[in-house]
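K.L.:
First, the structure itself, so that you have it in front of you.
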Amino acid sequence: MLTILFDGIAYGMLLFILAVGLAVTMGLMNFINLAHGAFAMVGGYITVLLMQRVGVPFLLCLPIAFMGAALLGGILERTLYRPLYHRPHLDQVLFSIGLTFMAVASADYFIGSTQQIIQLPEWLKGRTELGQGAWTLGMGHYRLFIIAVCAALTLGLQYVLTKTRFGSRLRASVDDQRVAAGLGINVNVVFLSTFAVGSGLAGLGGALGTEVLGLDPTFALKYMIYFLIVVAVGGTSSITGPLLAALLLGIADVAGKYYIPKLGAFIVYCLMIAILIWRPQGLFVRKGGKA
Amino acid sequence: MKNARPALQALMATRRCKPWELVLWLLALAAPLLLSRHALIINEIAIVALFAVSLDLILGFTGIVSLGHAAFFGMGAYSAALFAKLVVPDPLVGLAVAMGLSMLLGALCSMTIIRGSDLTRLMVTLGVGLILLELANKLDWLTGGADGLQGVVLGPLLGRFEFDLAGRTAAWYSISVLLLLFVLARRLVNSPFGATLKAIRDNRLRAMAIGIPVNQRLVVIYTVAAGMAGAAGALLAQTTGFASLDLFEFHRSADVMLVLVVGGTGWLYGGVAGAIVFKLMQDLISAITPQYWTFWIGLFLVVLVLVGRERLIRPWTCFPRFFGAPKA
């Protein structure tokens with residue numbers, strides 16, 4: 001049982017890293033970006049291709065995946081996303097679905113539709129077991145690695161958001177963009193960097209998640225729904241909300257698949273709908289922020 | 001009361017049937033005869049058009065962005081197919097049953113779209129579609145699971161017209177149902193009820209303030225739209241004799257949204273026009289690159305949004321200087 005909890009936490013942390021960029025950009029610009037999964041997919045493919053074709057070690061691939069996705073995100077933000085911020089949501093949805101479709105088809109065309117396999121280094125492969133009987137805790141080393149990386153990233157993000165000048169600018173822009181701009185904060189630059197970092201984090205998550213989630217061209221569509229659930233349930237006003245939502249989702253999904261495999265992803269969707277009917281603005285909404 | 005006259009007349013004028021509409025529908029009804037070799041694709045166009053019109057009721061007229069409309073499409077298809085297989089193979093009874101069941105589902109789901117922001121609605125509608133997909137997948141003793149529901153054999157239409165391989169009966173059947181439901185939808189959106197829907201779309205808060213029962217209107221229109229989508233699904237299942245998990249997939253909902261946007265939202269003929277353009281385009285492109293057809297859809301969507309939906313459909317609005325005043 002502890003093993004399931006552990007796996008669920010690892011899965012949830014991974015989802016959090018993948019979705020946090022989406023949460024921040026959605027809160028900041030009120031932009032519904034369904035193409036976020038595509039950035040994650042880019043990160044995953046960068047890692048896989050570098051490792052398979054060039055032989056770059058796994059640990060080096062992670063920052064490269066981050067940089068690649070961040071660069072792509074930054075360029076796209078500048079060129080394509082910016083004109084759409086003040087359009088109706090329908091336009092944004094259509095646009096980002098279009099981008100996702102293009103990403104899926106291009107991945108299919110250039111790399112092929114097969115499931116990509118990643119060769120982990122030896123020291124990440126094993127598994128440690130603690131305790132005994134019903135309370136056995138089996139920890140895959142790779143899951144442990146994921147939790148460590150994601151926890152470090154979360155702490156780092158939290159630090160940047162709460163303690164640094166950039167963080168306070170960002171929070172100000174999220175709360176009220178116009179007032180923030182009036183106070184002399186360059187909201188465009190804040191948003192460009194946030195979008196790039198968010199996409200980069202998605203890319204990193206995609207790279208880390210290749211082993212756990214699998215990677216094929218439909219990745220962008222398949223997991224987009226999970227990211228959106230995290231954001232919708234967690235709310236967009238802080239990063240603790242999405243973190244808790246991601247952990248909840250991860251544990252519920254792993255436990256559901258383990259105990260009641262017949263129902264599959266059913267539980268997650270039902271849970272999401274129930275939560276959203278109960279609290280349409282998300283579970284963890286800070287008072288006083290933008291509604 | 002005097003001042004009410006012109007407004008009333010203007011309302012009545014949009015309601016009245018225009019000559020070109022009659023011509024259009026006569027052409028549509030003649031199409032299976034004139035282009036009898038393409039009856040199959042005419043049938044598909046009619047079905048997609050019906051599906052798009054049903055989405056238009058909630059998206060174009062009421063302003064609810066839904067990514068899960070395929071749920072009702074699939075529901076209608078599966079219930080029609082199962083009904084024909086297990087109960088009676090009569091197509092019309094099956095259609096009625098499928099519509100009834102979809103409306104029931106729509107009424108249930110309408111509870112989920114009353115509250116919340118656009119994002120919440122997007123997620124909830126998406127979630128409903130996914131739940132139905134999972135259900136159809138797991139209940140394989142009933143639905144055939146991933147293999148789809150095969151071997152649906154229908155009796156003759158009205159006890160007289162057999163469904164033939166060329167698909168001519170099917171095309172007529174679909175077009176007639178489309179015509180019937182289209183007239184109903186037209187009547188609905190041009191009624192005072194339709195006017196309240198548009199008021200809700202334009203400003204929900206104000207609509208509430210002038211005493212429109214917003215929630216009740218949303219429930220009703222969502223249910224009606226679900227029934228129409230169900231009818232479209234039922235037509236597809238009946239005319240192809242097949243229902244598969246693909247019907248519930250996300251890309252169905254995205255496609256139908258694209259169809260509607262191509263034709264123009266908030267205009268019932270938009271769904272029909274979009275369906276014709278979309279199906280012909282799909283036929284053309286997938287003949288060239290069958291596998292990567294989604295890339296071109298994606299590119300099209302991106303360009304469409306960047307250029308602006310209004311401008312692409314009415315290119316002359318790009319140059320307001322030359323063609324009269326720009327739109328406000």
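As shown in the structure tokens, the chain order sets the letters A, B, ...; within each chain, residues go from 1, and ligands are also counted from 1 in the order they appear.
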Between chain A and chain B, at 9 Å or less, what are the per-residue closest atom pairs and their distances in Å? Count only C-alpha atoms, order by chain and rising residue number, and return it as a tab-separated table.
P.N.:
residue	atom	partner	partner_atom	distance
A:Ile32	CA	B:Leu119	CA	7.3
A:Leu80	CA	B:Leu306	CA	7.7
A:Pro83	CA	B:Leu306	CA	7.7
A:Leu84	CA	B:Leu306	CA	7.7
A:His89	CA	B:Asp118	CA	7.4
A:Leu90	CA	B:Val65	CA	6.5
A:Asp91	CA	B:Val305	CA	6.0
A:Gln92	CA	B:Val305	CA	7.9
A:Val93	CA	B:Val65	CA	8.9
A:Leu94	CA	B:Leu301	CA	6.3
A:Phe95	CA	B:Val302	CA	4.9
A:Ser96	CA	B:Val302	CA	7.6
A:Ile97	CA	B:Gly298	CA	7.0
A:Gly98	CA	B:Gly298	CA	3.7
A:Leu99	CA	B:Gly298	CA	5.8
A:Thr100	CA	B:Gly298	CA	7.2
A:Phe101	CA	B:Gly298	CA	5.0
A:Met102	CA	B:Phe295	CA	4.4
A:Ala103	CA	B:Phe295	CA	7.6
A:Val104	CA	B:Phe295	CA	7.6
A:Ala105	CA	B:Phe295	CA	5.1
A:Ser106	CA	B:Phe295	CA	7.0
A:Asp108	CA	B:Tyr292	CA	8.0
A:Tyr109	CA	B:Tyr292	CA	7.3
A:Leu221	CA	B:Phe250	CA	8.7
A:Ile225	CA	B:Met123	CA	8.1
A:Leu228	CA	B:Met123	CA	7.1
A:Ile229	CA	B:Met123	CA	7.0
A:Ala232	CA	B:Thr120	CA	6.3
A:Val233	CA	B:Thr120	CA	8.7
A:Lys262	CA	B:Lys138	CA	6.9
A:Leu263	CA	B:Lys138	CA	7.3
A:Gly264	CA	B:Glu134	CA	7.6
A:Ala265	CA	B:Glu134	CA	7.4
A:Phe266	CA	B:Ile131	CA	5.9
A:Ile267	CA	B:Ile131	CA	8.9
A:Tyr269	CA	B:Gly127	CA	5.6
A:Cys270	CA	B:Ile131	CA	7.5
A:Met272	CA	B:Gly127	CA	7.7
A:Ile273	CA	B:Val124	CA	5.7
A:Ala274	CA	B:Thr112	CA	8.9
A:Leu276	CA	B:Thr120	CA	6.8
A:Ile277	CA	B:Thr112	CA	6.1
A:Arg279	CA	B:Gly116	CA	8.2
A:Pro280	CA	B:Gly116	CA	4.7
A:Gln281	CA	B:Gly116	CA	6.4
A:Gly282	CA	B:Thr120	CA	8.5
K.L.:
Can you list, as JSON, numbers by chain, every protein, DNA or RNA residue that comes within 10 Å of Asn188 (chain A) when you count only C-alpha atoms, leaving out same-chain residues fewer than 3 positions away?
P.N.:
{"A": [78, 82, 173, 181, 185, 191, 192, 193, 194]}
K.L.:
Excluding same-chain residues fewer than 4 positions from region 62-72 of chain A, what lies within 6 Å of it counting only C-alpha atoms, as a compact mmCIF listing (two decimals) with C-alpha atoms, in the first residue's frame?
P.N.:
# COMPACT_ATOMS: atom_id res chain seq x y z
CA PHE A 39 6.01 21.41 -25.22
CA GLY A 43 11.26 17.87 -24.25
CA ILE A 46 14.79 15.90 -27.45
CA ALA A 196 9.41 30.28 -21.58
CA VAL A 197 10.18 28.87 -18.14
CA SER A 199 7.35 25.56 -21.37
CA GLY A 200 10.84 24.60 -20.30
CA GLY A 203 9.87 19.96 -21.50
CA LEU A 204 11.83 18.82 -18.46
K.L.:
Name the residues of region 164-215 of chain A that come out as helix (DSSP H, G or I) in a backbone DSSP run; write them as a PyMOL selection string.
P.N.:
chain A and resi 165-175+177-182+187-213
K.L.:
Record the distance separating CA of Gly227 (chain B) and CA of Ile210 (chain B), expressed in Å with one decimal.
P.N.:
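Separation of CA of Gly227 (chain B) and CA of Ile210 (chain B): 29.0 Å.
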K.L.:
Quick one: residues within 8 Å of Arg143 (chain A), only C-alpha atoms, excluding same-chain residues fewer than 3 positions away - as a ChimeraX atom specification?
P.N.:
/A:7,10,139-140,146-147
K.L.:
Would you save the residues from that selection as a PDB file, in the first residue's frame, using C-alpha atoms?
P.N.:
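Contents of again.pdb, freshly written:
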ATOM      1  CA  ASP A   7       4.278   5.747  -6.845  1.00  0.00           C
ATOM      2  CA  ALA A  10       6.105  10.372  -7.828  1.00  0.00           C
ATOM      3  CA  MET A 139      10.866   2.424  -4.073  1.00  0.00           C
ATOM      4  CA  GLY A 140      12.044   2.388  -7.636  1.00  0.00           C
ATOM      5  CA  ILE A 146      11.882  12.048  -9.933  1.00  0.00           C
ATOM      6  CA  ILE A 147      10.580  12.967  -6.504  1.00  0.00           C
TER       7      ILE A 147
END
K.L.:
In Å, rounded to a single decimal, give me how far CA of Ala46 (chain B) is from CA of Ala28 (chain B).
P.N.:
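Computing it gives 9.2 Å between the two atoms.
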K.L.:
Applying 10 Å and only C-alpha atoms, which residues near Thr265 (chain B) remain after dropping the ones on its own chain fewer than 3 positions away? List them as JSON, numbers by chain.
P.N.:
{"B": [52, 53, 55, 56, 57, 59, 60, 61, 63, 257, 259, 260, 261, 262, 268, 269, 270, 271, 274, 309, 310]}
K.L.:
Choose the residue, out of B:Leu154, B:Lys198, B:Ala229, B:Val23, that has the smallest atom-to-atom separation from Val214 (chain B); count only C-alpha atoms.
P.N.:
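Checking each candidate against Val214 (chain B), we get B:Lys198 as the closest.
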K.L.:
Rounded to one decimal place, report the CA of Gly106 (chain B)-CA of Lys257 (chain A) distance in Å.
P.N.:
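Between CA of Gly106 (chain B) and CA of Lys257 (chain A) the gap is 28.5 Å.
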K.L.:
Compile the contact shell of Ala30 (chain B) as a list in words: residues with an atom at most 12 Å away, counting only C-alpha atoms, same-chain residues fewer than 3 positions apart removed.
P.N.:
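Counting only the stated atoms, we get Val23, Leu24, Trp25, Leu26, Leu27, Leu33, Leu34, Leu35, Ser36, Ala39, Ile42, Arg168, Ala171, Trp172, Ile175 and Ser176 of chain B.
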